[in-house]
$ cat run-v8.tsv   # TSV, C-alpha atoms
chain	number	residue	atom	x	y	z
A	878	MET	CA	-0.88	6.98	-4.49
A	879	ALA	CA	-0.62	10.75	-4.49
A	880	VAL	CA	-1.10	13.65	-2.14
A	881	GLN	CA	-2.18	17.21	-2.77
A	882	LEU	CA	-1.43	19.78	-0.14
A	883	GLN	CA	-3.36	22.94	0.57
A	884	MET	CA	-2.74	25.62	3.20
A	885	LYS	CA	-5.76	27.53	4.44
A	886	GLN	CA	-5.90	29.87	7.45
A	887	GLY	CA	-3.46	27.97	9.62
A	888	GLU	CA	-4.78	24.59	8.47
A	889	LEU	CA	-2.77	22.28	6.26
A	890	ILE	CA	-4.95	19.87	4.31
A	891	ALA	CA	-3.47	16.74	2.73
A	892	PHE	CA	-5.81	15.16	0.18
A	893	LEU	CA	-4.84	11.50	0.00
A	894	ASP	CA	-5.66	9.50	-3.07
A	895	GLY	CA	-5.54	5.86	-4.21
A	896	GLU	CA	-4.12	3.04	-2.08
A	897	ILE	CA	-2.16	3.46	1.16
A	898	ASP	CA	0.18	0.60	2.03
A	899	HIS	CA	3.69	0.26	3.46
A	900	HIS	CA	5.20	0.68	-0.01
A	901	CYS	CA	3.77	4.12	-0.72
A	902	ALA	CA	3.47	5.39	2.88
A	903	ARG	CA	7.08	6.55	2.92
A	904	GLU	CA	6.68	8.96	0.03
A	905	LEU	CA	3.42	10.31	1.44
A	906	ARG	CA	5.02	10.78	4.82
A	907	GLU	CA	7.96	12.69	3.36
A	908	GLU	CA	5.75	15.03	1.34
A	909	ILE	CA	3.36	15.75	4.20
A	910	ASP	CA	6.14	16.15	6.79
A	911	SER	CA	8.15	18.52	4.68
A	912	ALA	CA	5.14	20.83	4.20
A	913	ALA	CA	3.99	20.48	7.82
A	914	SER	CA	7.43	21.15	9.34
A	915	ARG	CA	7.75	24.25	7.19
A	916	THR	CA	4.30	25.70	7.92
A	917	GLN	CA	3.71	24.28	11.44
A	918	PRO	CA	-0.09	24.34	11.05
A	919	ARG	CA	-2.49	24.57	13.99
A	920	VAL	CA	-4.47	21.76	12.34
A	921	LEU	CA	-3.20	19.13	9.94
A	922	THR	CA	-6.15	17.58	8.13
A	923	LEU	CA	-5.73	14.24	6.42
A	924	ASP	CA	-8.53	13.92	3.90
A	925	PHE	CA	-9.30	10.27	3.05
A	926	SER	CA	-12.10	10.86	0.53
A	927	GLY	CA	-9.97	9.64	-2.41
A	928	VAL	CA	-8.56	6.57	-0.63
A	929	GLN	CA	-9.60	3.32	-2.29
A	930	PHE	CA	-7.65	0.97	-0.07
A	931	MET	CA	-5.69	1.22	3.14
A	932	ASP	CA	-4.04	-1.22	5.53
A	933	SER	CA	-2.51	-0.53	8.94
A	934	SER	CA	0.24	1.51	7.24
A	935	GLY	CA	-2.41	4.21	6.90
A	936	VAL	CA	-3.01	4.05	10.64
A	937	GLY	CA	0.75	4.34	11.17
A	938	LEU	CA	0.69	7.38	8.89
A	939	ILE	CA	-1.95	9.06	11.08
A	940	MET	CA	-0.13	8.18	14.32
A	941	GLY	CA	3.21	9.42	13.00
A	942	ARG	CA	1.72	12.74	11.88
A	943	TYR	CA	0.05	13.09	15.29
A	944	ARG	CA	3.49	12.83	16.91
A	945	LEU	CA	4.90	15.40	14.49
A	946	VAL	CA	2.28	18.14	14.95
A	947	SER	CA	2.31	17.57	18.72
A	948	GLU	CA	5.81	19.04	18.68
A	949	TRP	CA	4.30	22.51	18.16
A	950	GLY	CA	0.95	21.86	19.83
A	951	GLY	CA	-0.91	21.18	16.59
A	952	GLU	CA	-3.87	18.86	16.09
A	953	ILE	CA	-4.79	16.15	13.61
A	954	CYS	CA	-8.13	15.96	11.85
A	955	VAL	CA	-9.04	12.83	9.88
A	956	ALA	CA	-11.60	13.97	7.32
A	957	ASN	CA	-14.01	12.18	4.99
A	958	LEU	CA	-13.09	8.74	6.26
A	959	PRO	CA	-14.95	6.20	4.09
A	960	ARG	CA	-17.20	3.82	6.04
A	961	ARG	CA	-15.17	0.75	5.04
A	962	LEU	CA	-12.03	2.20	6.68
A	963	GLU	CA	-13.68	2.94	10.02
A	964	ARG	CA	-13.14	-0.50	11.53
A	965	LEU	CA	-9.42	-0.35	10.73
A	966	VAL	CA	-9.04	3.10	12.24
A	967	SER	CA	-11.00	2.17	15.37
A	968	LEU	CA	-8.74	-0.87	15.99
A	969	ALA	CA	-5.89	1.48	16.84
A	970	GLY	CA	-7.88	3.59	19.27
A	971	ILE	CA	-6.71	6.72	17.48
A	972	ARG	CA	-10.17	8.24	17.95
A	973	ASP	CA	-8.76	9.63	21.17
A	974	LEU	CA	-5.85	11.31	19.39
A	975	CYS	CA	-7.68	13.21	16.69
A	976	THR	CA	-10.95	14.52	15.36
A	977	ILE	CA	-12.60	12.16	12.88
A	978	ILE	CA	-15.09	13.42	10.35
A	979	ARG	CA	-16.98	10.71	8.46
A	980	SER	CA	-17.52	10.78	4.75
A	981	LYS	CA	-20.42	13.08	3.84
A	982	GLU	CA	-21.80	10.96	1.00
A	983	GLU	CA	-22.02	7.91	3.23
A	984	GLU	CA	-23.79	9.48	6.19
A	985	GLN	CA	-27.31	8.65	5.02
B	880	MET	CA	-7.61	-37.58	5.96
B	881	LYS	CA	-7.15	-34.12	4.53
B	882	THR	CA	-10.03	-32.61	2.60
B	883	PRO	CA	-8.92	-31.81	-0.92
B	884	ALA	CA	-9.16	-28.21	-2.03
B	885	LEU	CA	-11.70	-27.40	-4.75
B	886	ASN	CA	-9.24	-25.03	-6.30
B	887	GLU	CA	-5.90	-23.55	-5.36
B	888	MET	CA	-3.14	-21.25	-6.48
B	889	LYS	CA	0.44	-20.79	-5.44
B	890	LEU	CA	2.52	-17.72	-5.97
B	891	SER	CA	5.98	-16.68	-4.94
B	892	PHE	CA	7.75	-13.38	-5.28
B	893	PRO	CA	10.68	-11.46	-3.76
B	894	SER	CA	9.98	-9.46	-0.60
B	895	SER	CA	10.15	-6.10	-2.30
B	896	SER	CA	7.53	-3.62	-1.12
B	897	ALA	CA	6.28	-3.06	-4.68
B	898	ASN	CA	4.81	-6.58	-4.43
B	899	GLU	CA	2.43	-5.67	-1.60
B	900	SER	CA	-0.16	-4.37	-4.04
B	901	PHE	CA	0.54	-7.24	-6.44
B	902	ALA	CA	-0.09	-9.82	-3.70
B	903	ARG	CA	-3.45	-8.42	-2.67
B	904	ALA	CA	-4.53	-7.97	-6.29
B	905	ALA	CA	-3.62	-11.60	-7.07
B	906	VAL	CA	-5.49	-13.03	-4.07
B	907	SER	CA	-8.42	-10.81	-4.81
B	908	ALA	CA	-8.51	-12.04	-8.44
B	909	PHE	CA	-8.47	-15.66	-7.23
B	910	ALA	CA	-11.22	-14.97	-4.67
B	911	ALA	CA	-13.40	-13.42	-7.38
B	912	GLN	CA	-14.65	-16.90	-8.42
B	913	LEU	CA	-16.56	-16.99	-5.10
B	914	ASP	CA	-18.30	-13.74	-5.96
B	915	PRO	CA	-17.54	-12.19	-2.56
B	916	THR	CA	-19.21	-9.01	-1.36
B	917	VAL	CA	-17.29	-5.74	-1.61
B	918	ASP	CA	-16.75	-5.80	2.16
B	919	GLU	CA	-15.50	-9.40	2.17
B	920	LEU	CA	-13.07	-8.66	-0.63
B	921	SER	CA	-11.84	-5.58	1.17
B	922	ASP	CA	-11.26	-7.63	4.36
B	923	ILE	CA	-9.27	-10.24	2.42
B	924	ARG	CA	-7.18	-7.63	0.61
B	925	THR	CA	-6.38	-5.86	3.86
B	926	ALA	CA	-5.40	-9.07	5.69
B	927	VAL	CA	-3.15	-10.20	2.80
B	928	SER	CA	-1.53	-6.79	2.69
B	929	GLU	CA	-0.75	-7.01	6.42
B	930	ALA	CA	0.72	-10.52	6.20
B	931	VAL	CA	2.90	-9.73	3.19
B	932	THR	CA	4.04	-6.44	4.72
B	933	ASN	CA	5.13	-8.36	7.84
B	934	CYS	CA	7.36	-10.55	5.64
B	935	ILE	CA	8.90	-7.47	4.05
B	936	VAL	CA	9.30	-5.33	7.18
B	937	HIS	CA	10.16	-8.04	9.72
B	938	ALA	CA	11.03	-11.46	8.28
B	939	TYR	CA	13.43	-10.08	5.67
B	940	ARG	CA	14.23	-6.82	7.44
B	941	ASP	CA	17.65	-6.18	5.89
B	942	THR	CA	17.47	-8.49	2.94
B	943	ILE	CA	15.25	-9.68	0.12
B	944	GLY	CA	13.83	-13.18	0.41
B	945	GLU	CA	11.06	-15.27	-1.04
B	946	VAL	CA	7.43	-14.86	0.03
B	947	THR	CA	5.07	-17.69	-0.89
B	948	LEU	CA	1.31	-17.43	-1.03
B	949	LEU	CA	-0.85	-20.53	-1.11
B	950	VAL	CA	-4.54	-19.82	-1.52
B	951	ARG	CA	-7.00	-22.70	-1.35
B	952	LEU	CA	-10.72	-22.86	-1.76
B	953	PHE	CA	-12.63	-25.48	0.25
B	954	GLU	CA	-16.17	-26.78	0.45
B	955	GLY	CA	-18.48	-24.40	2.27
B	956	ARG	CA	-17.00	-21.30	0.64
B	957	ARG	CA	-13.95	-21.35	2.86
B	958	LEU	CA	-10.96	-19.46	1.53
B	959	VAL	CA	-7.70	-20.41	3.24
B	960	ILE	CA	-4.71	-18.16	2.66
B	961	GLN	CA	-1.22	-19.12	3.71
B	962	VAL	CA	1.61	-16.57	3.66
B	963	LYS	CA	5.01	-18.10	4.20
B	964	ASP	CA	8.54	-16.76	4.52
B	965	ARG	CA	11.93	-18.23	5.35
B	966	GLY	CA	13.07	-15.15	7.21
B	967	CYS	CA	14.18	-14.42	10.77
B	968	GLY	CA	11.15	-15.90	12.49
B	969	ILE	CA	9.41	-14.63	15.63
B	970	GLU	CA	10.84	-15.34	19.11
B	971	ASP	CA	7.56	-14.77	20.93
B	972	VAL	CA	4.51	-15.15	18.68
B	973	GLU	CA	2.06	-14.32	21.46
B	974	LYS	CA	3.83	-11.02	22.17
B	975	ALA	CA	4.06	-10.19	18.47
B	976	MET	CA	0.31	-10.65	18.15
B	977	GLU	CA	-0.54	-8.13	20.87
B	978	PRO	CA	-2.22	-5.07	19.35
B	979	LEU	CA	0.05	-2.02	19.14
B	980	TYR	CA	3.19	-4.08	19.85
B	981	THR	CA	5.75	-3.47	17.11
B	982	THR	CA	9.46	-3.71	16.48
B	983	GLY	CA	8.98	-1.92	13.17
B	984	GLY	CA	9.72	1.61	14.35
B	985	GLU	CA	7.63	4.73	14.83
B	986	GLU	CA	5.75	4.59	11.55
B	987	ARG	CA	4.34	1.11	12.13
B	988	ALA	CA	1.10	0.94	14.08
B	989	GLY	CA	1.70	-2.58	15.43
B	990	LEU	CA	-1.69	-3.66	14.15
B	991	GLY	CA	-0.83	-6.25	11.50
B	992	PHE	CA	-1.95	-9.35	13.40
B	993	ALA	CA	-4.86	-7.49	15.02
B	994	VAL	CA	-6.16	-6.59	11.57
B	995	MET	CA	-5.77	-10.17	10.28
B	996	GLU	CA	-7.54	-11.49	13.37
B	997	SER	CA	-10.37	-9.00	13.14
B	998	PHE	CA	-10.90	-9.11	9.36
B	999	MET	CA	-10.65	-12.89	8.89
B	1000	ASN	CA	-12.54	-15.71	10.62
B	1001	ARG	CA	-9.48	-17.61	11.75
B	1002	LEU	CA	-5.78	-16.84	12.14
B	1003	HIS	CA	-2.97	-19.23	12.95
B	1004	VAL	CA	0.70	-18.31	13.18
B	1005	THR	CA	3.61	-20.71	13.43
B	1006	SER	CA	7.18	-19.49	13.57
B	1007	ARG	CA	10.66	-20.78	14.23
B	1008	PRO	CA	13.41	-18.26	14.96
B	1009	GLY	CA	15.95	-18.36	12.16
B	1010	ARG	CA	13.71	-20.55	9.99
B	1011	GLY	CA	10.69	-18.48	9.09
B	1012	THR	CA	7.03	-17.82	9.72
B	1013	THR	CA	3.80	-19.21	8.29
B	1014	VAL	CA	0.57	-17.29	8.69
B	1015	THR	CA	-2.62	-19.17	7.86
B	1016	MET	CA	-5.90	-17.33	7.77
B	1017	GLU	CA	-9.37	-18.34	6.77
B	1018	LYS	CA	-12.35	-16.40	5.52
B	1019	ARG	CA	-15.79	-17.99	5.26
B	1020	LEU	CA	-17.74	-16.22	2.59
B	1021	SER	CA	-21.46	-15.63	2.76
B	1022	GLY	CA	-24.00	-16.63	0.10
B	1023	ARG	CA	-23.34	-19.06	-2.73
B	1024	CYS	CA	-21.17	-18.81	-5.79
B	1025	ALA	CA	-22.34	-19.46	-9.35
B	1026	HIS	CA	-20.88	-23.01	-9.28
B	1027	GLY	CA	-22.90	-23.87	-6.19
B	1028	CYS	CA	-19.79	-24.58	-4.12

$ encode --input "run-v8.tsv" --output "structure tokens"
Amino acid sequence: MAVQLQMKQGELIAFLDGEIDHHCARELREEIDSAASRTQPRVLTLDFSGVQFMDSSGVGLIMGRYRLVSEWGGEICVANLPRRLERLVSLAGIRDLCTIIRSKEEEQ
Amino acid sequence: MKTPALNEMKLSFPSSSANESFARAAVSAFAAQLDPTVDELSDIRTAVSEAVTNCIVHAYRDTIGEVTLLVRLFEGRRLVIQVKDRGCGIEDVEKAMEPLYTTGGEERAGLGFAVMESFMNRLHVTSRPGRGTTVTMEKRLSGRCAHGC
């Protein structure tokens, strides 16, 4: 599991990669939070295009980041969510908390 | 009389979080003999990950204990996965199974049991406070495997 961070016009994008479980969520969280707290972006985008596997720890990761950016009135965008992860994400009802953009390649 | 399993495997490991990925990889390798679809395999991996994470985060919260997996394959392409710990147990199983309920802190979504219930065909939880918890879940796989089972 790895994360690449990119700042672009007030938007912080975290490109997530590999498998997200409880074991690796902590490191991801620390990396994202340290960049987000420093830059206080208007939008924090979590890009899931490189995510091969995720359990509810990934949902916890989204919910926790939502709480963080809310501190300065920021928003969360969940981008390129693969089709197979949609059911998991919808279980939590977090569709109401953030913008979700489905994976482009899988739209057809 | 109990129906004998067509095949089974048993695995035990310490409740260290590094074993979450090991557990789902092992179950997924065992399930491969049924030639499951990509979606079925993903459901199984996710449910196993949730059950094992519960052992690590809740059952053995401040300690390391043994997690045992028993995976059995039955007639009719039924895969039965049991995840067992000898940890703290759950006082109120019904409450623990409510979606979004968690005692795991802010970073836990409280969805573990909801995911197992939704991704598997059957879920059964037995627990005794101070003695441990056993989660049994079943997945019925579509189609037929190469052995005709």

$ atom_distance --input "run-v8.tsv" --atom1 "atom CA of Met888 of chain B" --atom2 "atom CA of Arg957 of chain B"
14.3 Å

$ interface_residues --input "run-v8.tsv" --of "chain A" --to "chain B" --cutoff "7 Å" --atoms "only C-alpha atoms" --output "count of residues only"
9

$ closest_residue --input "run-v8.tsv" --among "A:Pro918, A:Leu923, A:Met940, A:Trp949" --to "Arg979 of chain A" --atoms "all atoms listed in the file"
A:Leu923

$ closest_residue --input "run-v8.tsv" --among "A:Ala912, A:Leu945, A:Ile939, A:Val880" --to "Glu896 of chain A" --atoms "only C-alpha atoms"
A:Val880

$ residues_around --input "run-v8.tsv" --residues "Thr1005 of chain B" --least-positions-apart "3" --cutoff "8 Å" --atoms "only C-alpha atoms" --output "short mmCIF file (atom, residue, chain, number, x, y, z; two decimals) with C-alpha atoms, in the frame of the given file"
data_model
loop_
_atom_site.label_atom_id
_atom_site.label_comp_id
_atom_site.auth_asym_id
_atom_site.auth_seq_id
_atom_site.Cartn_x
_atom_site.Cartn_y
_atom_site.Cartn_z
CA VAL B 972 4.51 -15.15 18.68
CA THR B 1012 7.03 -17.82 9.72
CA THR B 1013 3.80 -19.21 8.29
CA VAL B 1014 0.57 -17.29 8.69
#

$ closest_residue --input "run-v8.tsv" --among "B:Ala904, B:Met999, B:Cys967, B:Leu913" --to "Glu954 of chain B" --atoms "all atoms listed in the file"
B:Leu913

$ closest_residue --input "run-v8.tsv" --among "B:Ala902, B:Lys889, B:Ser1006, B:Ala884" --to "Ala930 of chain B" --atoms "all atoms listed in the file"
B:Ala902

$ closest_residue --input "run-v8.tsv" --among "B:Leu885, B:Val962, B:Ala975, B:Val950" --to "Ser907 of chain B" --atoms "only C-alpha atoms"
B:Val950

$ build_atoms --input "run-v8.tsv" --residues "segment 996-1028 of chain B" --atoms "N, CA and C atoms" --output "PDB file, in the coordinates of the input"
ATOM      1  N   GLU B 996      -6.645 -10.798  12.445  1.00  0.00           N
ATOM      2  CA  GLU B 996      -7.540 -11.490  13.370  1.00  0.00           C
ATOM      3  C   GLU B 996      -8.968 -10.938  13.268  1.00  0.00           C
ATOM      4  N   SER B 997      -9.054  -9.628  13.147  1.00  0.00           N
ATOM      5  CA  SER B 997     -10.370  -9.000  13.140  1.00  0.00           C
ATOM      6  C   SER B 997     -11.065  -9.103  11.784  1.00  0.00           C
ATOM      7  N   PHE B 998     -10.297  -9.115  10.694  1.00  0.00           N
ATOM      8  CA  PHE B 998     -10.900  -9.110   9.360  1.00  0.00           C
ATOM      9  C   PHE B 998     -11.127 -10.499   8.790  1.00  0.00           C
ATOM     10  N   MET B 999     -10.480 -11.523   9.376  1.00  0.00           N
ATOM     11  CA  MET B 999     -10.650 -12.890   8.890  1.00  0.00           C
ATOM     12  C   MET B 999     -11.368 -13.696   9.965  1.00  0.00           C
ATOM     13  N   ASN B1000     -11.832 -14.910   9.632  1.00  0.00           N
ATOM     14  CA  ASN B1000     -12.540 -15.710  10.620  1.00  0.00           C
ATOM     15  C   ASN B1000     -11.595 -16.518  11.508  1.00  0.00           C
ATOM     16  N   ARG B1001     -10.413 -16.815  10.972  1.00  0.00           N
ATOM     17  CA  ARG B1001      -9.480 -17.610  11.750  1.00  0.00           C
ATOM     18  C   ARG B1001      -8.059 -17.207  11.389  1.00  0.00           C
ATOM     19  N   LEU B1002      -7.182 -17.203  12.384  1.00  0.00           N
ATOM     20  CA  LEU B1002      -5.780 -16.840  12.140  1.00  0.00           C
ATOM     21  C   LEU B1002      -4.901 -17.787  12.933  1.00  0.00           C
ATOM     22  N   HIS B1003      -3.892 -18.335  12.269  1.00  0.00           N
ATOM     23  CA  HIS B1003      -2.970 -19.230  12.950  1.00  0.00           C
ATOM     24  C   HIS B1003      -1.549 -18.863  12.526  1.00  0.00           C
ATOM     25  N   VAL B1004      -0.672 -18.702  13.500  1.00  0.00           N
ATOM     26  CA  VAL B1004       0.700 -18.310  13.180  1.00  0.00           C
ATOM     27  C   VAL B1004       1.677 -19.329  13.757  1.00  0.00           C
ATOM     28  N   THR B1005       2.538 -19.860  12.913  1.00  0.00           N
ATOM     29  CA  THR B1005       3.610 -20.710  13.430  1.00  0.00           C
ATOM     30  C   THR B1005       4.930 -20.089  12.994  1.00  0.00           C
ATOM     31  N   SER B1006       5.907 -20.129  13.883  1.00  0.00           N
ATOM     32  CA  SER B1006       7.180 -19.490  13.570  1.00  0.00           C
ATOM     33  C   SER B1006       8.316 -20.200  14.260  1.00  0.00           C
ATOM     34  N   ARG B1007       9.454 -20.249  13.592  1.00  0.00           N
ATOM     35  CA  ARG B1007      10.660 -20.780  14.230  1.00  0.00           C
ATOM     36  C   ARG B1007      11.772 -19.764  14.014  1.00  0.00           C
ATOM     37  N   PRO B1008      12.341 -19.243  15.105  1.00  0.00           N
ATOM     38  CA  PRO B1008      13.410 -18.260  14.960  1.00  0.00           C
ATOM     39  C   PRO B1008      14.522 -18.792  14.043  1.00  0.00           C
ATOM     40  N   GLY B1009      14.901 -17.983  13.097  1.00  0.00           N
ATOM     41  CA  GLY B1009      15.950 -18.360  12.160  1.00  0.00           C
ATOM     42  C   GLY B1009      15.465 -19.194  10.986  1.00  0.00           C
ATOM     43  N   ARG B1010      14.214 -19.668  11.054  1.00  0.00           N
ATOM     44  CA  ARG B1010      13.710 -20.550   9.990  1.00  0.00           C
ATOM     45  C   ARG B1010      12.574 -19.927   9.179  1.00  0.00           C
ATOM     46  N   GLY B1011      11.761 -19.115   9.836  1.00  0.00           N
ATOM     47  CA  GLY B1011      10.690 -18.480   9.090  1.00  0.00           C
ATOM     48  C   GLY B1011       9.342 -18.553   9.785  1.00  0.00           C
ATOM     49  N   THR B1012       8.369 -17.942   9.149  1.00  0.00           N
ATOM     50  CA  THR B1012       7.030 -17.820   9.720  1.00  0.00           C
ATOM     51  C   THR B1012       5.978 -18.216   8.686  1.00  0.00           C
ATOM     52  N   THR B1013       4.939 -18.896   9.158  1.00  0.00           N
ATOM     53  CA  THR B1013       3.800 -19.210   8.290  1.00  0.00           C
ATOM     54  C   THR B1013       2.534 -18.677   8.947  1.00  0.00           C
ATOM     55  N   VAL B1014       1.837 -17.843   8.217  1.00  0.00           N
ATOM     56  CA  VAL B1014       0.570 -17.290   8.690  1.00  0.00           C
ATOM     57  C   VAL B1014      -0.538 -17.952   7.877  1.00  0.00           C
ATOM     58  N   THR B1015      -1.487 -18.558   8.563  1.00  0.00           N
ATOM     59  CA  THR B1015      -2.620 -19.170   7.860  1.00  0.00           C
ATOM     60  C   THR B1015      -3.891 -18.477   8.324  1.00  0.00           C
ATOM     61  N   MET B1016      -4.653 -17.996   7.391  1.00  0.00           N
ATOM     62  CA  MET B1016      -5.900 -17.330   7.770  1.00  0.00           C
ATOM     63  C   MET B1016      -7.036 -17.802   6.884  1.00  0.00           C
ATOM     64  N   GLU B1017      -8.212 -17.804   7.487  1.00  0.00           N
ATOM     65  CA  GLU B1017      -9.370 -18.340   6.770  1.00  0.00           C
ATOM     66  C   GLU B1017     -10.511 -17.335   6.763  1.00  0.00           C
ATOM     67  N   LYS B1018     -11.162 -17.256   5.621  1.00  0.00           N
ATOM     68  CA  LYS B1018     -12.350 -16.400   5.520  1.00  0.00           C
ATOM     69  C   LYS B1018     -13.494 -17.269   5.006  1.00  0.00           C
ATOM     70  N   ARG B1019     -14.594 -17.281   5.735  1.00  0.00           N
ATOM     71  CA  ARG B1019     -15.790 -17.990   5.260  1.00  0.00           C
ATOM     72  C   ARG B1019     -16.691 -16.968   4.600  1.00  0.00           C
ATOM     73  N   LEU B1020     -16.966 -17.207   3.338  1.00  0.00           N
ATOM     74  CA  LEU B1020     -17.740 -16.220   2.590  1.00  0.00           C
ATOM     75  C   LEU B1020     -19.228 -16.525   2.654  1.00  0.00           C
ATOM     76  N   SER B1021     -20.008 -15.469   2.676  1.00  0.00           N
ATOM     77  CA  SER B1021     -21.460 -15.630   2.760  1.00  0.00           C
ATOM     78  C   SER B1021     -22.026 -15.994   1.401  1.00  0.00           C
ATOM     79  N   GLY B1022     -23.307 -16.372   1.367  1.00  0.00           N
ATOM     80  CA  GLY B1022     -24.000 -16.630   0.100  1.00  0.00           C
ATOM     81  C   GLY B1022     -23.462 -17.840  -0.638  1.00  0.00           C
ATOM     82  N   ARG B1023     -23.785 -17.937  -1.911  1.00  0.00           N
ATOM     83  CA  ARG B1023     -23.340 -19.060  -2.730  1.00  0.00           C
ATOM     84  C   ARG B1023     -22.740 -18.533  -4.017  1.00  0.00           C
ATOM     85  N   CYS B1024     -21.757 -19.262  -4.533  1.00  0.00           N
ATOM     86  CA  CYS B1024     -21.170 -18.810  -5.790  1.00  0.00           C
ATOM     87  C   CYS B1024     -21.926 -19.444  -6.968  1.00  0.00           C
ATOM     88  N   ALA B1025     -21.638 -19.017  -8.152  1.00  0.00           N
ATOM     89  CA  ALA B1025     -22.340 -19.460  -9.350  1.00  0.00           C
ATOM     90  C   ALA B1025     -22.206 -20.975  -9.568  1.00  0.00           C
ATOM     91  N   HIS B1026     -21.085 -21.565  -9.087  1.00  0.00           N
ATOM     92  CA  HIS B1026     -20.880 -23.010  -9.280  1.00  0.00           C
ATOM     93  C   HIS B1026     -21.575 -23.826  -8.212  1.00  0.00           C
ATOM     94  N   GLY B1027     -22.203 -23.163  -7.246  1.00  0.00           N
ATOM     95  CA  GLY B1027     -22.900 -23.870  -6.190  1.00  0.00           C
ATOM     96  C   GLY B1027     -21.964 -24.454  -5.145  1.00  0.00           C
ATOM     97  N   CYS B1028     -20.735 -24.005  -5.096  1.00  0.00           N
ATOM     98  CA  CYS B1028     -19.790 -24.580  -4.120  1.00  0.00           C
ATOM     99  C   CYS B1028     -19.853 -23.826  -2.797  1.00  0.00           C
TER     100      CYS B1028
END
